[in-house]
Amino acid sequence: MDKGPNQDWTTIWSMLPSDAQANLVNPAAKAIGDGIGGLFTWIFHKPIEYLAVENAKVESLKHMTAEKLSKIPQDKMTMDKRGLMIKALEDSKYSLDSKLMREYFSTLLAKSANKDTAERISPYFSTLLSNLSPDDAKFLKLFKKHHEETPGVTFTPPYYIADGLPMGRIVYLDRNRPLQYVTGHDEADLLLNSEGKVKSYSKEIDSLIAFGLAERDYDRYDGRYIKEFEKLEELSNLDYDRKLLRGEIPNHFLITTNGDQPFNKVSFHRGMLNLTELGKSFLRIILM
């Protein structure tokens, strides 16, 4: 039955008898404190009663929050931003199905209760979270980078938020009309995922742009990412598409036209997905 560290709290919760649930909830409520614990009760009492949200997922959020609050020094705790906490809890109601979203909301709640970070939190942050899909939320993690090991240097924390990510796209061009092109339908906005494989993230990027968190830039790119760009191009379908365009793959054809003339060149365009100032502020709270 044990599935290790990937076992979701809500699954464990559902298998426990009511008395065991109570024994787990009480310490969590104590760790959260009367102030924040009271906010949980106030916000979620009716939704739980009317089955609008699942009690187990609320308790999961509570435990995640309690764990983060327990790491805040007592002299750094504050309830001055209780309005932000109330809004975050309200906005979390319909995002609780995702474990990652619960993780993000618990981070936002804990940082709202920390004097060192509370002033950097905008009321808009919980609105942003509530509008992100689980795929959008997972994509954000690509911006979290670990510092490279440097002899004699210790980074605290050991990670940072990148201002931008290298990306690329495959485009079809007419050599005689270099400013006219079309992008491959399945090849737009290619990035390296957390496993070092190429994946298209156009849908997630569209969401971040719509929320004002990021911007595409295919006019210039950051030279620090040359190795990443080379890997993106190597792992893309560029060579295959070139062969298609030259008719070198039997029984397969690439049909794309530029008015009455076919495109006669395929190329890999380098670009950047850059965070806006809002995006940087948001991710530095949510991911760090």
# chains A, B, ... in the order shown; residues from 1 in each chain; ligands from 1
call {"tool": "residues_around", "arguments": {"residues": "segment 88-98 of chain A", "least_positions_apart": "3", "cutoff": "6 Å", "atoms": "only C-alpha atoms", "output": "number ranges by chain"}}
result
A: 85, 101-102, 126, 130
call {"tool": "closest_atom_pairs", "arguments": {"of": "segment 123-218 of chain A", "to": "segment 272-275 of chain A", "cutoff": "12 Å", "atoms": "only C-alpha atoms", "output": "Markdown table"}}
result
| residue | atom | partner | partner_atom | distance |
| --- | --- | --- | --- | --- |
| A:Leu140 | CA | A:Leu275 | CA | 10.7 |
| A:Leu142 | CA | A:Leu273 | CA | 11.3 |
| A:Phe143 | CA | A:Leu275 | CA | 9.2 |
| A:Ile161 | CA | A:Leu275 | CA | 9.7 |
| A:Ala162 | CA | A:Leu275 | CA | 8.3 |
| A:Asp163 | CA | A:Leu275 | CA | 5.5 |
| A:Gly164 | CA | A:Asn274 | CA | 4.1 |
| A:Leu165 | CA | A:Leu273 | CA | 5.1 |
| A:Pro166 | CA | A:Met272 | CA | 4.7 |
| A:Met167 | CA | A:Met272 | CA | 5.5 |
| A:Gly168 | CA | A:Met272 | CA | 7.7 |
| A:Arg169 | CA | A:Met272 | CA | 10.7 |
| A:Asp189 | CA | A:Leu273 | CA | 8.9 |
| A:Leu190 | CA | A:Met272 | CA | 10.4 |
| A:Leu191 | CA | A:Leu273 | CA | 9.4 |
| A:Tyr201 | CA | A:Leu273 | CA | 10.7 |
| A:Ser202 | CA | A:Leu273 | CA | 10.8 |
| A:Glu204 | CA | A:Leu273 | CA | 11.4 |
| A:Ile205 | CA | A:Leu273 | CA | 8.1 |
| A:Asp206 | CA | A:Leu273 | CA | 10.9 |
| A:Leu208 | CA | A:Leu275 | CA | 9.0 |
| A:Ile209 | CA | A:Leu275 | CA | 9.2 |
| A:Phe211 | CA | A:Leu275 | CA | 11.3 |
| A:Gly212 | CA | A:Leu275 | CA | 8.8 |
| A:Leu213 | CA | A:Leu275 | CA | 5.8 |
| A:Ala214 | CA | A:Leu275 | CA | 4.2 |
| A:Glu215 | CA | A:Asn274 | CA | 5.3 |
| A:Arg216 | CA | A:Leu273 | CA | 4.8 |
| A:Asp217 | CA | A:Met272 | CA | 5.2 |
| A:Tyr218 | CA | A:Met272 | CA | 6.4 |
call {"tool": "atom_distance", "arguments": {"atom1": "atom CA of Lys144 of chain A", "atom2": "atom CA of Leu108 of chain A"}}
result
16.4 Å
call {"tool": "select_by_dssp", "arguments": {"residues": "segment 198-231 of chain A", "states": "helix (DSSP H, G or I)", "output": "MDAnalysis selection string"}}
result
chainID A and resid 202:210 223:231
call {"tool": "residues_around", "arguments": {"residues": "Asp241 of chain A", "least_positions_apart": "4", "cutoff": "9 Å", "atoms": "only C-alpha atoms", "output": "number ranges by chain"}}
result
A: 170, 237, 245-246, 254, 266
call {"tool": "closest_residue", "arguments": {"among": "A:Arg242, A:Arg270, A:Arg82, A:Lys265", "to": "Glu228 of chain A", "atoms": "only C-alpha atoms"}}
result
A:Arg270
call {"tool": "atom_distance", "arguments": {"atom1": "atom CA of Pro151 of chain A", "atom2": "atom CA of Lys231 of chain A"}}
result
27.4 Å
